[in-house]
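J.: Got a structure for you, entry-v4.cif, holding mmCIF, C-alpha atoms.
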```
data_input
#
loop_
_atom_site.label_atom_id
_atom_site.label_comp_id
_atom_site.auth_asym_id
_atom_site.auth_seq_id
_atom_site.Cartn_x
_atom_site.Cartn_y
_atom_site.Cartn_z
CA MET A 72 10.79 23.19 -13.76
CA THR A 73 14.25 21.58 -13.63
CA CYS A 74 14.85 17.84 -13.94
CA LYS A 75 15.69 17.72 -10.24
CA GLU A 76 12.32 19.31 -9.46
CA LEU A 77 10.36 17.23 -11.95
CA VAL A 78 11.28 13.90 -10.35
CA GLU A 79 9.60 15.03 -7.12
CA TRP A 80 6.30 15.45 -8.98
CA ILE A 81 6.16 12.04 -10.63
CA THR A 82 3.70 10.38 -8.25
CA GLU A 83 1.52 13.52 -8.18
CA TYR A 84 1.50 13.35 -11.97
CA LEU A 85 0.71 9.64 -12.16
CA GLU A 86 -2.11 10.07 -9.62
CA GLY A 87 -3.64 12.94 -11.60
CA ALA A 88 -3.21 15.18 -8.57
CA MET A 89 -1.44 18.13 -10.20
CA SER A 90 -3.06 21.47 -10.94
CA ARG A 91 -3.65 22.19 -14.63
CA ASP A 92 -0.78 24.69 -14.75
CA ASP A 93 1.71 22.40 -13.02
CA ARG A 94 0.70 19.51 -15.22
CA LEU A 95 1.27 21.62 -18.31
CA LYS A 96 4.75 22.61 -17.10
CA PHE A 97 5.48 18.98 -16.30
CA GLU A 98 4.41 17.78 -19.73
CA GLN A 99 6.23 20.57 -21.57
CA HIS A 100 9.45 19.70 -19.75
CA LEU A 101 8.92 16.02 -20.45
CA ALA A 102 8.40 16.59 -24.18
CA ALA A 103 11.85 18.18 -24.42
CA CYS A 104 13.76 15.99 -21.95
CA PRO A 105 14.81 12.39 -22.71
CA GLY A 106 16.29 12.04 -19.18
CA CYS A 107 13.02 12.80 -17.39
CA THR A 108 11.04 10.75 -19.92
CA GLU A 109 13.23 7.78 -19.05
CA CYS A 110 12.95 8.44 -15.33
CA LEU A 111 9.15 8.52 -15.59
CA ALA A 112 9.30 5.24 -17.53
CA GLN A 113 11.42 3.76 -14.72
CA PHE A 114 8.80 4.76 -12.14
CA ARG A 115 6.06 3.13 -14.21
CA GLU A 116 8.19 0.01 -14.53
CA THR A 117 8.86 0.05 -10.77
CA ILE A 118 5.10 0.08 -10.13
CA ARG A 119 4.54 -2.75 -12.62
CA LEU A 120 7.28 -4.93 -11.11
CA THR A 121 6.16 -4.22 -7.52
CA GLY A 122 2.73 -5.46 -8.57
CA HIS A 123 4.32 -8.87 -9.21
CA LEU A 124 5.29 -9.37 -5.57
CA PRO A 125 3.25 -12.25 -4.18
CA ARG A 126 0.68 -11.09 -1.62
CA PRO A 127 1.66 -12.36 1.82
CA ASP A 128 -0.37 -15.30 3.14
CA ILE A 129 -2.07 -15.59 6.49
CA ARG A 130 -0.03 -17.83 8.80
CA SER A 131 -1.57 -21.27 9.09
CA ASP A 132 -1.65 -21.25 12.92
CA THR A 133 -3.37 -17.85 12.87
CA ARG A 134 -5.85 -19.16 10.32
CA LYS A 135 -6.63 -22.23 12.43
CA SER A 136 -7.12 -20.30 15.64
CA LEU A 137 -9.35 -17.73 13.95
CA VAL A 138 -11.53 -20.40 12.39
CA ARG A 139 -11.79 -22.12 15.79
CA ALA A 140 -12.81 -18.82 17.39
CA PHE A 141 -15.39 -18.28 14.63
CA ARG A 142 -16.87 -21.73 15.34
CA GLU A 143 -17.00 -21.14 19.08
CA LEU A 144 -18.56 -17.71 18.75
CA ASN A 145 -21.21 -19.20 16.50
CA GLN A 146 -21.96 -21.92 19.02
CA GLY A 147 -22.31 -19.26 21.67
CA GLN A 148 -19.33 -20.54 23.59
CA PRO A 149 -16.66 -18.36 25.05
CA SER A 150 -13.73 -18.05 22.65
CA GLY A 151 -11.17 -18.12 25.44
CA MET B 4 -14.07 -24.28 -8.35
CA GLY B 5 -17.37 -23.84 -6.56
CA GLU B 6 -19.06 -20.70 -5.35
CA ARG B 7 -16.69 -18.46 -3.46
CA PRO B 8 -18.45 -15.70 -1.61
CA CYS B 9 -16.32 -12.93 -0.11
CA ILE B 10 -14.09 -12.63 -3.16
CA ASP B 11 -14.41 -9.16 -4.59
CA ALA B 12 -12.76 -8.99 -7.99
CA ALA B 13 -12.78 -5.20 -8.21
CA PRO B 14 -13.06 -4.09 -4.60
CA TRP B 15 -13.61 -0.41 -5.34
CA VAL B 16 -16.58 -1.00 -7.64
CA ALA B 17 -19.39 -0.35 -5.20
CA GLY B 18 -22.12 -2.26 -7.06
CA ALA B 19 -20.15 -5.47 -7.47
CA GLU B 20 -19.04 -5.23 -3.89
CA SER B 21 -22.41 -4.80 -2.22
CA ALA B 22 -23.84 -7.86 -3.98
CA SER B 23 -21.01 -10.14 -2.92
CA ASP B 24 -20.95 -8.49 0.53
CA ALA B 25 -24.59 -9.36 1.13
CA GLN B 26 -23.92 -12.96 0.11
CA CYS B 27 -20.87 -13.11 2.31
CA VAL B 28 -22.54 -11.60 5.39
CA GLU B 29 -25.42 -13.99 5.06
CA ALA B 30 -23.03 -16.95 4.87
CA LEU B 31 -21.11 -15.71 7.91
CA ARG B 32 -24.30 -15.26 9.92
CA ARG B 33 -25.16 -18.87 9.08
CA GLY B 34 -21.79 -19.85 10.54
CA ASP B 35 -20.34 -20.86 7.16
CA GLU B 36 -16.68 -21.56 7.93
CA ALA B 37 -15.61 -21.63 4.27
CA ALA B 38 -16.93 -18.10 3.86
CA PHE B 39 -14.99 -17.00 6.92
CA GLU B 40 -11.83 -18.69 5.65
CA ASN B 41 -12.16 -16.91 2.32
CA LEU B 42 -12.59 -13.60 4.08
CA ILE B 43 -9.56 -13.96 6.32
CA ASP B 44 -7.38 -15.34 3.50
CA ARG B 45 -8.27 -12.32 1.46
CA HIS B 46 -7.98 -9.56 4.04
CA HIS B 47 -5.84 -10.69 6.96
CA PRO B 48 -2.41 -9.81 5.45
CA ALA B 49 -3.64 -6.32 4.49
CA LEU B 50 -5.14 -5.87 7.98
CA VAL B 51 -1.77 -6.65 9.54
CA GLN B 52 -0.06 -4.27 7.13
CA ALA B 53 -2.56 -1.50 7.86
CA ALA B 54 -2.13 -2.03 11.62
CA ILE B 55 1.64 -1.61 11.28
CA PHE B 56 0.95 1.95 10.16
CA PHE B 57 -0.18 2.70 13.72
CA VAL B 58 1.55 0.21 16.00
CA ARG B 59 4.92 -0.12 14.26
CA ASN B 60 5.59 -3.65 15.33
CA ARG B 61 4.57 -6.79 13.47
CA THR B 62 3.67 -8.85 16.54
CA ALA B 63 1.41 -6.13 17.89
CA ALA B 64 -0.10 -5.66 14.44
CA GLU B 65 -0.89 -9.40 14.25
CA ASP B 66 -2.61 -9.20 17.66
CA VAL B 67 -4.67 -6.19 16.60
CA ALA B 68 -5.69 -7.91 13.33
CA GLN B 69 -6.77 -11.06 15.18
CA GLU B 70 -8.77 -9.07 17.74
CA THR B 71 -10.39 -7.31 14.81
CA TRP B 72 -11.67 -10.58 13.36
CA LEU B 73 -13.28 -11.52 16.67
CA ALA B 74 -14.90 -8.08 16.82
CA VAL B 75 -16.09 -8.53 13.22
CA VAL B 76 -17.75 -11.86 14.01
CA ARG B 77 -19.36 -10.49 17.18
CA GLY B 78 -20.48 -7.36 15.35
CA LEU B 79 -21.96 -9.10 12.30
CA PRO B 80 -25.57 -8.91 13.50
CA GLY B 81 -25.16 -5.13 13.61
CA PHE B 82 -23.59 -4.76 10.13
CA ASP B 83 -26.11 -2.75 8.14
CA GLY B 84 -24.44 -2.71 4.70
CA ARG B 85 -24.27 1.10 4.56
CA SER B 86 -20.52 0.81 3.99
CA SER B 87 -18.86 -2.09 2.23
CA LEU B 88 -17.90 -5.07 4.36
CA LYS B 89 -14.23 -4.36 3.70
CA THR B 90 -14.55 -0.70 4.74
CA TRP B 91 -16.37 -1.77 7.89
CA ILE B 92 -13.70 -4.35 8.79
CA PHE B 93 -10.89 -1.85 8.24
CA ALA B 94 -12.69 0.79 10.30
CA ILE B 95 -12.78 -1.66 13.22
CA LEU B 96 -9.11 -2.43 12.72
CA ILE B 97 -8.03 1.22 12.59
CA ASN B 98 -9.95 2.02 15.77
CA ARG B 99 -8.24 -0.81 17.56
CA ALA B 100 -4.81 -0.09 16.12
CA LYS B 101 -5.03 3.56 17.15
CA THR B 102 -6.15 2.62 20.65
CA TYR B 103 -3.35 0.09 20.88
CA GLY B 104 -0.84 2.61 19.58
CA ARG B 105 -1.95 5.21 22.10
CA ARG B 106 -1.81 2.68 24.88
CA GLU B 107 1.73 1.89 23.90
CA ASP B 108 2.43 5.60 23.92
CA ARG B 109 3.59 5.41 20.34
CA TYR B 110 0.63 6.77 18.52
CA VAL B 111 0.88 10.24 20.04
CA GLN B 112 4.51 10.47 19.13
CA PHE B 113 4.10 9.26 15.58
CA SER B 114 0.55 10.34 14.74
CA PRO B 115 0.16 11.33 11.09
CA LEU B 116 -0.97 14.77 12.27
CA SER B 117 1.93 15.51 14.56
CA ASP B 118 4.52 13.51 12.74
CA PRO B 119 7.00 15.80 11.05
CA GLU B 120 8.95 12.77 9.75
CA SER B 121 11.68 13.91 7.46
CA GLU B 122 9.93 11.99 4.68
CA SER B 123 8.94 15.02 2.65
CA ASP B 124 12.52 16.28 2.58
CA GLU B 125 14.18 13.14 1.28
CA PRO B 126 15.17 13.60 -2.37
CA SER B 127 13.61 10.89 -4.54
CA VAL B 128 16.63 10.66 -6.83
CA ASP B 129 20.25 10.85 -5.65
CA PRO B 130 21.14 14.60 -5.87
CA ASP B 131 24.50 13.64 -7.43
CA ARG B 132 22.61 12.61 -10.56
CA PHE B 133 21.83 16.31 -11.22
CA ASN B 134 23.93 19.32 -12.17
CA PRO B 135 24.40 21.91 -9.41
CA ASP B 136 21.94 24.83 -9.30
CA ASP B 137 24.63 27.21 -10.60
CA HIS B 138 25.48 25.08 -13.63
CA PRO B 139 25.93 27.46 -16.61
CA GLN B 140 23.95 25.48 -19.24
CA HIS B 141 21.61 23.13 -17.49
CA PRO B 142 21.09 23.80 -13.76
CA GLY B 143 19.33 20.93 -12.01
CA GLY B 144 19.57 18.82 -15.18
CA TRP B 145 20.66 15.21 -15.47
CA VAL B 146 24.42 14.67 -15.33
CA SER B 147 23.83 11.55 -17.41
CA VAL B 148 20.50 10.41 -18.82
CA PRO B 149 18.89 7.49 -16.90
CA ARG B 150 19.14 4.24 -18.85
CA ASN B 151 16.31 2.41 -20.48
CA TRP B 152 15.55 -0.66 -18.37
CA ASN B 153 13.86 -2.38 -21.27
CA ALA B 154 17.31 -3.19 -22.61
CA ASN B 155 16.99 -5.99 -20.03
CA PRO B 156 14.99 -9.00 -21.16
CA GLU B 157 11.63 -9.53 -19.43
CA GLN B 158 13.02 -12.65 -17.69
CA ARG B 159 15.59 -10.49 -15.94
CA LEU B 160 13.10 -7.70 -15.19
CA LEU B 161 10.78 -10.20 -13.55
CA SER B 162 13.39 -12.55 -12.09
CA GLN B 163 13.30 -13.90 -8.55
CA GLU B 164 16.28 -11.67 -7.89
CA THR B 165 14.32 -8.56 -8.91
CA ILE B 166 11.37 -9.59 -6.75
CA GLY B 167 13.84 -10.20 -3.89
CA ILE B 168 15.32 -6.72 -4.25
CA ILE B 169 11.88 -5.09 -4.20
CA ARG B 170 10.85 -7.09 -1.15
CA GLN B 171 14.05 -6.18 0.66
CA VAL B 172 13.59 -2.47 -0.02
CA ILE B 173 9.95 -2.53 1.09
CA GLU B 174 10.89 -4.30 4.33
CA SER B 175 13.50 -1.63 5.03
CA LEU B 176 11.07 1.29 4.62
CA SER B 177 9.53 3.25 7.48
CA PRO B 178 6.30 1.52 8.64
CA ARG B 179 4.17 4.26 7.08
CA GLN B 180 5.88 4.09 3.68
CA GLN B 181 5.84 0.30 3.83
CA THR B 182 2.12 0.24 4.51
CA VAL B 183 1.21 2.65 1.72
CA ILE B 184 3.30 0.98 -1.00
CA SER B 185 2.14 -2.49 0.06
CA LEU B 186 -1.53 -1.55 -0.07
CA ARG B 187 -1.26 0.49 -3.28
CA ASP B 188 1.27 -1.36 -5.41
CA VAL B 189 1.19 -4.92 -4.06
CA GLU B 190 -2.47 -5.26 -2.98
CA GLY B 191 -3.66 -2.97 -5.77
CA TRP B 192 -5.85 -0.68 -3.66
CA SER B 193 -7.07 2.65 -5.02
CA PRO B 194 -5.73 5.91 -3.50
CA GLU B 195 -9.16 6.57 -1.98
CA GLN B 196 -9.26 3.19 -0.29
CA VAL B 197 -5.85 3.75 1.26
CA CYS B 198 -6.74 7.26 2.48
CA ASN B 199 -10.04 6.10 3.96
CA SER B 200 -8.66 2.96 5.54
CA LEU B 201 -5.62 4.64 7.08
CA ASP B 202 -7.40 7.91 7.81
CA ILE B 203 -4.83 10.06 5.99
CA CYS B 204 -5.21 12.83 3.41
CA GLY B 205 -4.41 12.44 -0.28
CA THR B 206 -1.29 14.59 -0.08
CA ASN B 207 0.11 12.55 2.80
CA GLN B 208 -0.66 9.33 0.94
CA ARG B 209 1.16 10.55 -2.19
CA VAL B 210 4.23 11.76 -0.26
CA LEU B 211 4.58 8.39 1.47
CA LEU B 212 3.99 6.52 -1.78
CA HIS B 213 6.46 8.64 -3.74
CA ARG B 214 9.21 8.16 -1.14
CA ALA B 215 8.58 4.43 -1.09
CA ARG B 216 8.50 4.04 -4.90
CA SER B 217 11.60 6.23 -5.22
CA LYS B 218 13.58 3.91 -2.99
CA VAL B 219 12.44 0.84 -4.89
CA ARG B 220 13.25 2.56 -8.20
CA ALA B 221 16.73 3.54 -6.96
CA ALA B 222 17.51 -0.04 -5.91
CA LEU B 223 16.21 -1.47 -9.20
CA GLY B 224 18.20 1.17 -11.09
CA LYS B 225 21.39 0.02 -9.43
CA TYR B 226 20.59 -3.57 -10.37
CA PHE B 227 19.41 -3.04 -13.95
CA GLU B 228 21.97 -0.41 -14.90
CA GLU B 229 25.00 -2.23 -13.55
#
```
Please express what this file holds, its structure, as structure tokens.

T.:
Amino acid sequence: MTCKELVEWITEYLEGAMSRDDRLKFEQHLAACPGCTECLAQFRETIRLTGHLPRPDIRSDTRKSLVRAFRELNQGQPSG
Amino acid sequence: MGERPCIDAAPWVAGAESASDAQCVEALRRGDEAAFENLIDRHHPALVQAAIFFVRNRTAAEDVAQETWLAVVRGLPGFDGRSSLKTWIFAILINRAKTYGRREDRYVQFSPLSDPESESDEPSVDPDRFNPDDHPQHPGGWVSVPRNWNANPEQRLLSQETIGIIRQVIESLSPRQQTVISLRDVEGWSPEQVCNSLDICGTNQRVLLHRARSKVRAALGKYFEE
């Protein structure tokens, strides 16, 4: 496994989706390769930082109209 | 803060989920508006994001998500608790999004089954970072070792600028990559939840996720290593 090949396996590796043999090859390469070790660390850091993005909020007009529809449906009225 | 039904702390823990689901469904059947507000606050953005996977247009995805909520409220008497409330809501959404996509004649063209998107061929790291395959000592090896980002202080790593870069990259991704990285890495869903909700296989999910993460990593690399 070359470095160029290893980087394509990183998500498979992190998800625990590799076969035993492939995982072994991956880890053997990693143990001897500072470049790929750093690249894997960068992927982990990317995931951590992405997790800090604020979740988007529901728009307030959407929220209002949905709550109104909920009320009307519960009162057995047509929601329009 | 008072009782907040419909908040599932660990959404993929089935036991915790079914208890709060039962509470939530009961509140909704009573017409409890606060319970409904909690539910839409929690799930509406992810519903829109999941719909984008199929309809590829934010306005259409918003429409599909809103129709889904009406269908959820109308369908509540029939909810039997065999699946989680969240799974049930997303199943309704996906049905509608697929129908919408087909109607718009987009789904057929871009269906996950027939879609050969070049996504699996895109290299995840710039090929110029590696030696050529005929390099005498180290074919396919790093030309120069990637730098350690932790040389940057945590304030820089987590700065508004960093968050802005990540957001910009995610917005520029293909709708399918955007959906998968948003649900996995922003919303914190498990791989199984994403596969089930979007009706895709694990391999497909990982390919999309890897492409998406690779692009975010590349952009952050440029920023941190400058």

J.: Would you list the residues near (12.7, -8.3, -17.6), meaning any protein, DNA or RNA residue with an atom at most 12 Å from that point in file coordinates, counting only C-alpha atoms, as a PyMOL selection string?

T.: (chain A and resi 116-117+119-120+123) or (chain B and resi 151-166+223+226-227)

J.: Select, as a PyMOL selection string, those residues of chain B with any atom no more than 8 Å from chain A (distances computed using all atoms listed in the file).

T.: chain B and resi 34+36+39-40+43-44+47-48+69+72-73+76-77+126-128+130+133+142-145+147-152+160-161+166+169-170+188-191+209+212-213+216-217+219-220+223

J.: Please write out, as AutoDock Vina command-line options, where the centre of an axis-aligned box around all listed atoms of stretch 91-98 of chain A lies and how long its edges are, in Å to one decimal, after adding 6 Å on each side.

T.:
```
--center_x 0.9 --center_y 21.2 --center_z -16.4 --size_x 21.1 --size_y 18.9 --size_z 18.7
```

J.: Determine the residue set returned by the PyMOL selection byres ((chain B and resi 186) around 12) for the present structure, and present it as a VMD selection string.

T.: (chain A and resid 121 to 122 124 126 to 127) or (chain B and resid 46 48 to 56 173 179 to 185 187 to 198 200 to 201 208 211 to 212 215)

J.: Have a look at atom CA of B:Arg99 and atom CA of B:Ala64 and let me know their distance in Å, one decimal.

T.: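 Separation between atom CA of B:Arg99 and atom CA of B:Ala64: 10.0 Å.
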
J.: Just how far from atom CA of B:Val172 is atom CA of B:Gly224, in Å to one decimal?

T.: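 Between these atoms lies a distance of 12.5 Å.
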